[in-house]
Amino acid sequence: LAACNRQNEIDPLSAADSVKFATGIRSLQAPSRKIIKKGNLVCEVADVLPAVQKTEQIVNSLGGMVMESNMVNEAGETKEVYYSADSIKQVSTYMPSASMVIKVPAAFTDSVMNILSGMSRFTSKRIFNQYDETYTYLANAVKNNHTDTQAVIQAEKLADNAVEAMQVDHYKQDAADEKTDRRIENLKLLDDVNYATLNVQFSAPQQAVVAIVPDVRSMTTIPFFSELGLAIMKGMSMLKGLVLVIITIWPFSLIAGVMLIMMYRKRSRVARI
């Protein structure tokens, strides 16, 4: 079983270097051409979250991938009105929106775009682009299949000193690096050919959330009779403090009283004379 699995594995490097096209490339509609598909959709829907979830479900069912999925509820205006003695009605508005980057099999590009457009109440933008990268791929593959092995061997034989040998080694390393870069570029190109990239944006009309919340002000307000009782208790406490102050300074009060009596008697004697 393991041997069978190894036989069924496809070497990605051979795919990157292949110059064989099953159906030819003369026709622009030939399946073998390396066509990259990209799309952009801007849609208004009734509710953003279900639209995002539905899109993710469609992409996964087709064997694609959701590269990005961002949903935001941008807060708007908030107003409050009294609802009852201890609660208020709070009305908040917000603008929901979402942006997605998805990859779907290229064969289903039109179908997916039509499904997403059908989900929307209004499609403000629908862009579809195709890029033919056939000859970019072919140029890389041809260069990778063209080797100068004999020329390199001959150069190694003719190298008279260490400097020339080092130059040959540098040439071989640079050629190998360039070949690797071309292979990676072709593999990325094949991914883009097999899977279309779609940028999708969803928006919905302004929505409102109504909530009944406690009225903190009324909950922290003291009832009248409770406040009256607290005032009486506060007054009694102040009177108690005043009495204690007077008792504390009784010597001074006694001296002041004696002085007042003496002054009164003195005035009375003067008045008699």
# chains A, B, ... in the order shown; residues from 1 in each chain; ligands from 1
$ residues_around --residues "Ala85 of chain A" --least-positions-apart "4" --cutoff "12 Å" --atoms "only C-alpha atoms" --output "number ranges by chain"
A: 81, 89, 213-219, 221
$ residues_around --residues "Lys143 of chain A" --least-positions-apart "3" --cutoff "9 Å" --atoms "only C-alpha atoms" --output "ChimeraX atom specification"
/A:17,138-140,146-147,179,182
$ select_by_dssp --residues "segment 28-264 of chain A" --states "alpha helix (DSSP H)" --output "VMD selection string"
chain A and resid 48 to 61 109 to 119 134 to 145 149 to 158 162 to 194 216 to 219 224 to 248 250 to 264
$ select_by_dssp --residues "segment 19-206 of chain A" --states "strand (DSSP E)" --output "VMD selection string"
chain A and resid 35 to 44 65 to 84 87 to 105 122 to 132 195 to 203
$ residues_around --residues "Asp132 of chain A" --least-positions-apart "6" --cutoff "12 Å" --atoms "only C-alpha atoms" --output "list in words"
Ile25, Ser27, Leu28, Gln29, Ala30, Pro31, Ser32, Arg33, Lys34, Ile35, Ile36, Lys37, Lys38, Leu138, Leu189, Leu190, Asp192 and Val193 of chain A
$ closest_residue --among "A:Phe108, A:Gln90, A:Ser99, A:Ala208" --to "Gly63 of chain A" --atoms "only C-alpha atoms"
A:Phe108
$ residues_around --residues "Glu77 of chain A" --least-positions-apart "3" --cutoff "12 Å" --atoms "only C-alpha atoms" --output "MDAnalysis selection string"
chainID A and resid 74 80 90:95 206:209
$ atom_distance --atom1 "atom CA of Arg126 of chain A" --atom2 "atom CA of Asp110 of chain A"
11.4 Å
$ closest_residue --among "A:Ile261, A:Ala51, A:Met238, A:Met65" --to "Gly118 of chain A" --atoms "only C-alpha atoms"
A:Ala51
$ residues_around --residues "Lys188 of chain A" --least-positions-apart "3" --cutoff "12 Å" --atoms "only C-alpha atoms" --output "tab-separated table (two decimals) with all heavy atoms, in the first residue's frame"
chain	number	residue	atom	x	y	z
A	12	PRO	N	6.29	17.76	-7.46
A	12	PRO	CA	5.95	19.15	-7.81
A	12	PRO	C	6.98	19.80	-8.72
A	12	PRO	O	6.65	20.66	-9.54
A	12	PRO	CB	5.87	19.85	-6.44
A	12	PRO	CG	6.70	18.99	-5.53
A	12	PRO	CD	6.52	17.59	-6.02
A	13	LEU	N	8.25	19.38	-8.61
A	13	LEU	CA	9.28	19.98	-9.45
A	13	LEU	C	9.10	19.59	-10.91
A	13	LEU	O	9.38	20.40	-11.81
A	13	LEU	CB	10.67	19.56	-8.96
A	13	LEU	CG	11.04	20.02	-7.55
A	13	LEU	CD1	12.45	19.59	-7.20
A	13	LEU	CD2	10.90	21.53	-7.42
A	15	ALA	N	6.24	19.12	-12.30
A	15	ALA	CA	5.14	19.97	-12.79
A	15	ALA	C	5.63	21.37	-13.12
A	15	ALA	O	5.18	22.00	-14.08
A	15	ALA	CB	4.02	20.03	-11.74
A	16	ALA	N	6.58	21.86	-12.32
A	16	ALA	CA	7.11	23.21	-12.55
A	16	ALA	C	7.96	23.28	-13.81
A	16	ALA	O	8.10	24.34	-14.42
A	16	ALA	CB	7.91	23.66	-11.34
A	34	LYS	N	-2.29	28.89	-19.21
A	34	LYS	CA	-2.17	29.24	-17.80
A	34	LYS	C	-2.91	30.56	-17.55
A	34	LYS	O	-2.31	31.64	-17.63
A	34	LYS	CB	-0.70	29.33	-17.38
A	34	LYS	CG	0.15	28.13	-17.77
A	34	LYS	CD	-0.42	26.81	-17.26
A	34	LYS	CE	0.44	25.64	-17.66
A	34	LYS	NZ	-0.17	24.34	-17.28
A	36	ILE	N	-4.97	33.01	-15.09
A	36	ILE	CA	-5.22	33.35	-13.69
A	36	ILE	C	-6.49	34.19	-13.62
A	36	ILE	O	-6.63	35.19	-14.34
A	36	ILE	CB	-4.03	34.12	-13.09
A	36	ILE	CG1	-2.80	33.23	-13.07
A	36	ILE	CG2	-4.36	34.61	-11.69
A	36	ILE	CD1	-1.55	33.94	-12.57
A	133	GLU	N	-0.83	33.90	-18.27
A	133	GLU	CA	0.58	33.76	-17.88
A	133	GLU	C	1.21	32.54	-18.54
A	133	GLU	O	2.19	31.99	-18.03
A	133	GLU	CB	0.68	33.64	-16.35
A	133	GLU	CG	0.18	34.85	-15.58
A	133	GLU	CD	1.09	36.06	-15.77
A	133	GLU	OE1	2.24	35.86	-16.23
A	133	GLU	OE2	0.64	37.18	-15.48
A	136	THR	N	4.87	33.17	-19.55
A	136	THR	CA	5.74	33.32	-18.38
A	136	THR	C	6.12	31.96	-17.83
A	136	THR	O	7.29	31.68	-17.52
A	136	THR	CB	5.02	34.13	-17.28
A	136	THR	OG1	4.68	35.42	-17.80
A	136	THR	CG2	5.89	34.30	-16.06
A	137	TYR	N	5.10	31.09	-17.71
A	137	TYR	CA	5.35	29.72	-17.26
A	137	TYR	C	6.27	28.98	-18.23
A	137	TYR	O	7.23	28.31	-17.82
A	137	TYR	CB	4.03	28.97	-17.11
A	137	TYR	CG	4.19	27.49	-16.90
A	137	TYR	CD1	4.38	26.96	-15.63
A	137	TYR	CD2	4.17	26.61	-17.97
A	137	TYR	CE1	4.54	25.59	-15.44
A	137	TYR	CE2	4.34	25.24	-17.80
A	137	TYR	CZ	4.52	24.74	-16.52
A	137	TYR	OH	4.70	23.39	-16.34
A	181	ASP	N	14.48	29.39	-8.18
A	181	ASP	CA	13.55	30.53	-8.16
A	181	ASP	C	12.50	30.40	-9.27
A	181	ASP	O	11.32	30.69	-9.05
A	181	ASP	CB	14.32	31.84	-8.33
A	181	ASP	CG	15.19	32.15	-7.11
A	181	ASP	OD1	14.94	31.57	-6.04
A	181	ASP	OD2	16.14	32.96	-7.26
A	182	ARG	N	12.92	29.97	-10.46
A	182	ARG	CA	11.97	29.80	-11.56
A	182	ARG	C	10.97	28.68	-11.26
A	182	ARG	O	9.80	28.78	-11.59
A	182	ARG	CB	12.71	29.53	-12.87
A	182	ARG	CG	13.44	30.74	-13.44
A	182	ARG	CD	13.93	30.48	-14.86
A	182	ARG	NE	14.94	29.42	-14.91
A	182	ARG	CZ	16.25	29.64	-14.85
A	182	ARG	NH1	16.71	30.88	-14.72
A	182	ARG	NH2	17.11	28.63	-14.93
A	183	ARG	N	11.45	27.62	-10.61
A	183	ARG	CA	10.55	26.52	-10.26
A	183	ARG	C	9.50	26.99	-9.24
A	183	ARG	O	8.31	26.69	-9.39
A	183	ARG	CB	11.36	25.36	-9.66
A	183	ARG	CG	12.07	24.50	-10.71
A	183	ARG	CD	12.91	23.43	-10.04
A	183	ARG	NE	13.34	22.43	-10.99
A	183	ARG	CZ	14.15	21.42	-10.70
A	183	ARG	NH1	14.63	21.30	-9.46
A	183	ARG	NH2	14.49	20.53	-11.62
A	184	ILE	N	9.94	27.72	-8.22
A	184	ILE	CA	9.00	28.22	-7.21
A	184	ILE	C	7.99	29.18	-7.83
A	184	ILE	O	6.80	29.16	-7.53
A	184	ILE	CB	9.77	28.91	-6.06
A	184	ILE	CG1	10.68	27.92	-5.34
A	184	ILE	CG2	8.80	29.55	-5.08
A	184	ILE	CD1	9.95	26.72	-4.75
A	185	GLU	N	8.48	30.02	-8.74
A	185	GLU	CA	7.57	30.96	-9.43
A	185	GLU	C	6.52	30.20	-10.23
A	185	GLU	O	5.33	30.56	-10.22
A	185	GLU	CB	8.38	31.88	-10.35
A	185	GLU	CG	7.52	32.92	-11.06
A	185	GLU	CD	8.33	33.81	-11.99
A	185	GLU	OE1	9.57	33.64	-12.05
A	185	GLU	OE2	7.72	34.66	-12.67
A	191	ASP	N	-0.66	27.36	-8.76
A	191	ASP	CA	-1.66	27.52	-7.70
A	191	ASP	C	-2.68	28.59	-8.08
A	191	ASP	O	-3.89	28.41	-7.90
A	191	ASP	CB	-0.98	27.90	-6.39
A	191	ASP	CG	-0.48	26.69	-5.63
A	191	ASP	OD1	-0.83	25.56	-6.03
A	191	ASP	OD2	0.28	26.86	-4.65
A	192	ASP	N	-2.17	29.72	-8.59
A	192	ASP	CA	-3.08	30.81	-8.98
A	192	ASP	C	-3.94	30.42	-10.18
A	192	ASP	O	-5.07	30.92	-10.32
A	192	ASP	CB	-2.27	32.07	-9.32
A	192	ASP	CG	-1.62	32.68	-8.08
A	192	ASP	OD1	-2.14	32.44	-6.97
A	192	ASP	OD2	-0.60	33.38	-8.22
A	193	VAL	N	-3.42	29.56	-11.06
A	193	VAL	CA	-4.20	29.10	-12.19
A	193	VAL	C	-5.31	28.15	-11.73
A	193	VAL	O	-6.45	28.22	-12.20
A	193	VAL	CB	-3.29	28.40	-13.23
A	193	VAL	CG1	-4.12	27.68	-14.29
A	193	VAL	CG2	-2.38	29.42	-13.90
A	194	ASN	N	-5.00	27.27	-10.81
A	194	ASN	CA	-5.96	26.27	-10.35
A	194	ASN	C	-7.02	26.84	-9.43
A	194	ASN	O	-8.14	26.32	-9.36
A	194	ASN	CB	-5.23	25.12	-9.64
A	194	ASN	CG	-4.36	24.32	-10.59
A	194	ASN	OD1	-4.68	24.17	-11.77
A	194	ASN	ND2	-3.23	23.82	-10.09
A	195	TYR	N	-6.68	27.92	-8.71
A	195	TYR	CA	-7.61	28.51	-7.74
A	195	TYR	C	-7.73	30.01	-7.98
A	195	TYR	O	-6.75	30.74	-7.92
A	195	TYR	CB	-7.14	28.25	-6.31
A	195	TYR	CG	-7.20	26.79	-5.91
A	195	TYR	CD1	-6.10	25.96	-6.12
A	195	TYR	CD2	-8.36	26.24	-5.37
A	195	TYR	CE1	-6.16	24.61	-5.78
A	195	TYR	CE2	-8.42	24.91	-5.02
A	195	TYR	CZ	-7.32	24.09	-5.23
A	195	TYR	OH	-7.39	22.77	-4.90
$ residues_around --residues "Val45 of chain A" --least-positions-apart "2" --cutoff "9 Å" --atoms "only C-alpha atoms" --output "list in words"
Cys43, Asp47, Val48, Ala51, Met119, Ser120, Arg121, Phe122, Thr123, Phe202, Ser203, Ala204 and Pro205 of chain A
$ write_last_selection --atoms "N, CA and C atoms" --output "PDB file, in the first residue's frame"
ATOM      1  N   CYS A  43     -21.205  43.890  -2.235  1.00  0.00           N
ATOM      2  CA  CYS A  43     -22.636  43.581  -2.180  1.00  0.00           C
ATOM      3  C   CYS A  43     -23.267  44.147  -0.913  1.00  0.00           C
ATOM      4  N   ASP A  47     -28.442  40.932   6.044  1.00  0.00           N
ATOM      5  CA  ASP A  47     -27.729  40.663   7.296  1.00  0.00           C
ATOM      6  C   ASP A  47     -26.333  40.154   6.938  1.00  0.00           C
ATOM      7  N   VAL A  48     -25.314  40.767   7.517  1.00  0.00           N
ATOM      8  CA  VAL A  48     -23.936  40.472   7.119  1.00  0.00           C
ATOM      9  C   VAL A  48     -23.477  39.107   7.611  1.00  0.00           C
ATOM     10  N   ALA A  51     -24.535  36.060   5.633  1.00  0.00           N
ATOM     11  CA  ALA A  51     -23.895  36.078   4.309  1.00  0.00           C
ATOM     12  C   ALA A  51     -22.451  35.590   4.401  1.00  0.00           C
ATOM     13  N   MET A 119     -27.200  36.388  -3.576  1.00  0.00           N
ATOM     14  CA  MET A 119     -27.481  36.528  -2.147  1.00  0.00           C
ATOM     15  C   MET A 119     -27.709  37.983  -1.747  1.00  0.00           C
ATOM     16  N   SER A 120     -27.235  38.919  -2.546  1.00  0.00           N
ATOM     17  CA  SER A 120     -27.266  40.326  -2.169  1.00  0.00           C
ATOM     18  C   SER A 120     -28.552  41.007  -2.630  1.00  0.00           C
ATOM     19  N   ARG A 121     -28.910  42.072  -1.924  1.00  0.00           N
ATOM     20  CA  ARG A 121     -30.036  42.914  -2.341  1.00  0.00           C
ATOM     21  C   ARG A 121     -29.620  43.885  -3.429  1.00  0.00           C
ATOM     22  N   PHE A 122     -28.326  44.240  -3.393  1.00  0.00           N
ATOM     23  CA  PHE A 122     -27.819  45.175  -4.391  1.00  0.00           C
ATOM     24  C   PHE A 122     -26.321  44.953  -4.540  1.00  0.00           C
ATOM     25  N   THR A 123     -25.848  44.820  -5.778  1.00  0.00           N
ATOM     26  CA  THR A 123     -24.430  44.642  -6.061  1.00  0.00           C
ATOM     27  C   THR A 123     -23.884  45.939  -6.642  1.00  0.00           C
ATOM     28  N   PHE A 202     -19.161  42.701   2.048  1.00  0.00           N
ATOM     29  CA  PHE A 202     -20.588  42.734   2.368  1.00  0.00           C
ATOM     30  C   PHE A 202     -20.871  43.936   3.261  1.00  0.00           C
ATOM     31  N   SER A 203     -22.025  44.549   3.039  1.00  0.00           N
ATOM     32  CA  SER A 203     -22.493  45.617   3.916  1.00  0.00           C
ATOM     33  C   SER A 203     -23.999  45.488   4.070  1.00  0.00           C
ATOM     34  N   ALA A 204     -24.537  46.109   5.111  1.00  0.00           N
ATOM     35  CA  ALA A 204     -25.971  46.057   5.376  1.00  0.00           C
ATOM     36  C   ALA A 204     -26.440  47.444   5.789  1.00  0.00           C
ATOM     37  N   PRO A 205     -27.751  47.736   5.646  1.00  0.00           N
ATOM     38  CA  PRO A 205     -28.257  49.042   6.089  1.00  0.00           C
ATOM     39  C   PRO A 205     -28.044  49.227   7.587  1.00  0.00           C
TER      40      PRO A 205
END
$ residues_around --residues "Met71 of chain A" --least-positions-apart "5" --cutoff "8 Å" --atoms "only C-alpha atoms" --output "PyMOL selection string"
chain A and resi 49+96-99
$ write_last_selection --atoms "N, CA and C atoms" --output "PDB file, in the first residue's frame"
ATOM      1  N   LEU A  49     -23.723  38.789   8.879  1.00  0.00           N
ATOM      2  CA  LEU A  49     -23.194  37.544   9.448  1.00  0.00           C
ATOM      3  C   LEU A  49     -23.673  36.298   8.708  1.00  0.00           C
ATOM      4  N   PRO A  96     -23.025  47.357  10.068  1.00  0.00           N
ATOM      5  CA  PRO A  96     -22.268  46.106   9.920  1.00  0.00           C
ATOM      6  C   PRO A  96     -21.629  45.998   8.538  1.00  0.00           C
ATOM      7  N   SER A  97     -20.418  45.452   8.492  1.00  0.00           N
ATOM      8  CA  SER A  97     -19.731  45.227   7.222  1.00  0.00           C
ATOM      9  C   SER A  97     -18.747  44.075   7.393  1.00  0.00           C
ATOM     10  N   ALA A  98     -18.345  43.496   6.274  1.00  0.00           N
ATOM     11  CA  ALA A  98     -17.392  42.381   6.296  1.00  0.00           C
ATOM     12  C   ALA A  98     -16.580  42.393   5.011  1.00  0.00           C
ATOM     13  N   SER A  99     -15.345  41.952   5.117  1.00  0.00           N
ATOM     14  CA  SER A  99     -14.477  41.798   3.944  1.00  0.00           C
ATOM     15  C   SER A  99     -13.875  40.403   3.979  1.00  0.00           C
TER      16      SER A  99
END
$ atom_distance --atom1 "atom CA of Ala141 of chain A" --atom2 "atom CA of Ser14 of chain A"
9.6 Å
$ closest_residue --among "A:Ser111, A:Leu198, A:Asn144, A:Asn129" --to "Ala175 of chain A" --atoms "only C-alpha atoms"
A:Asn144
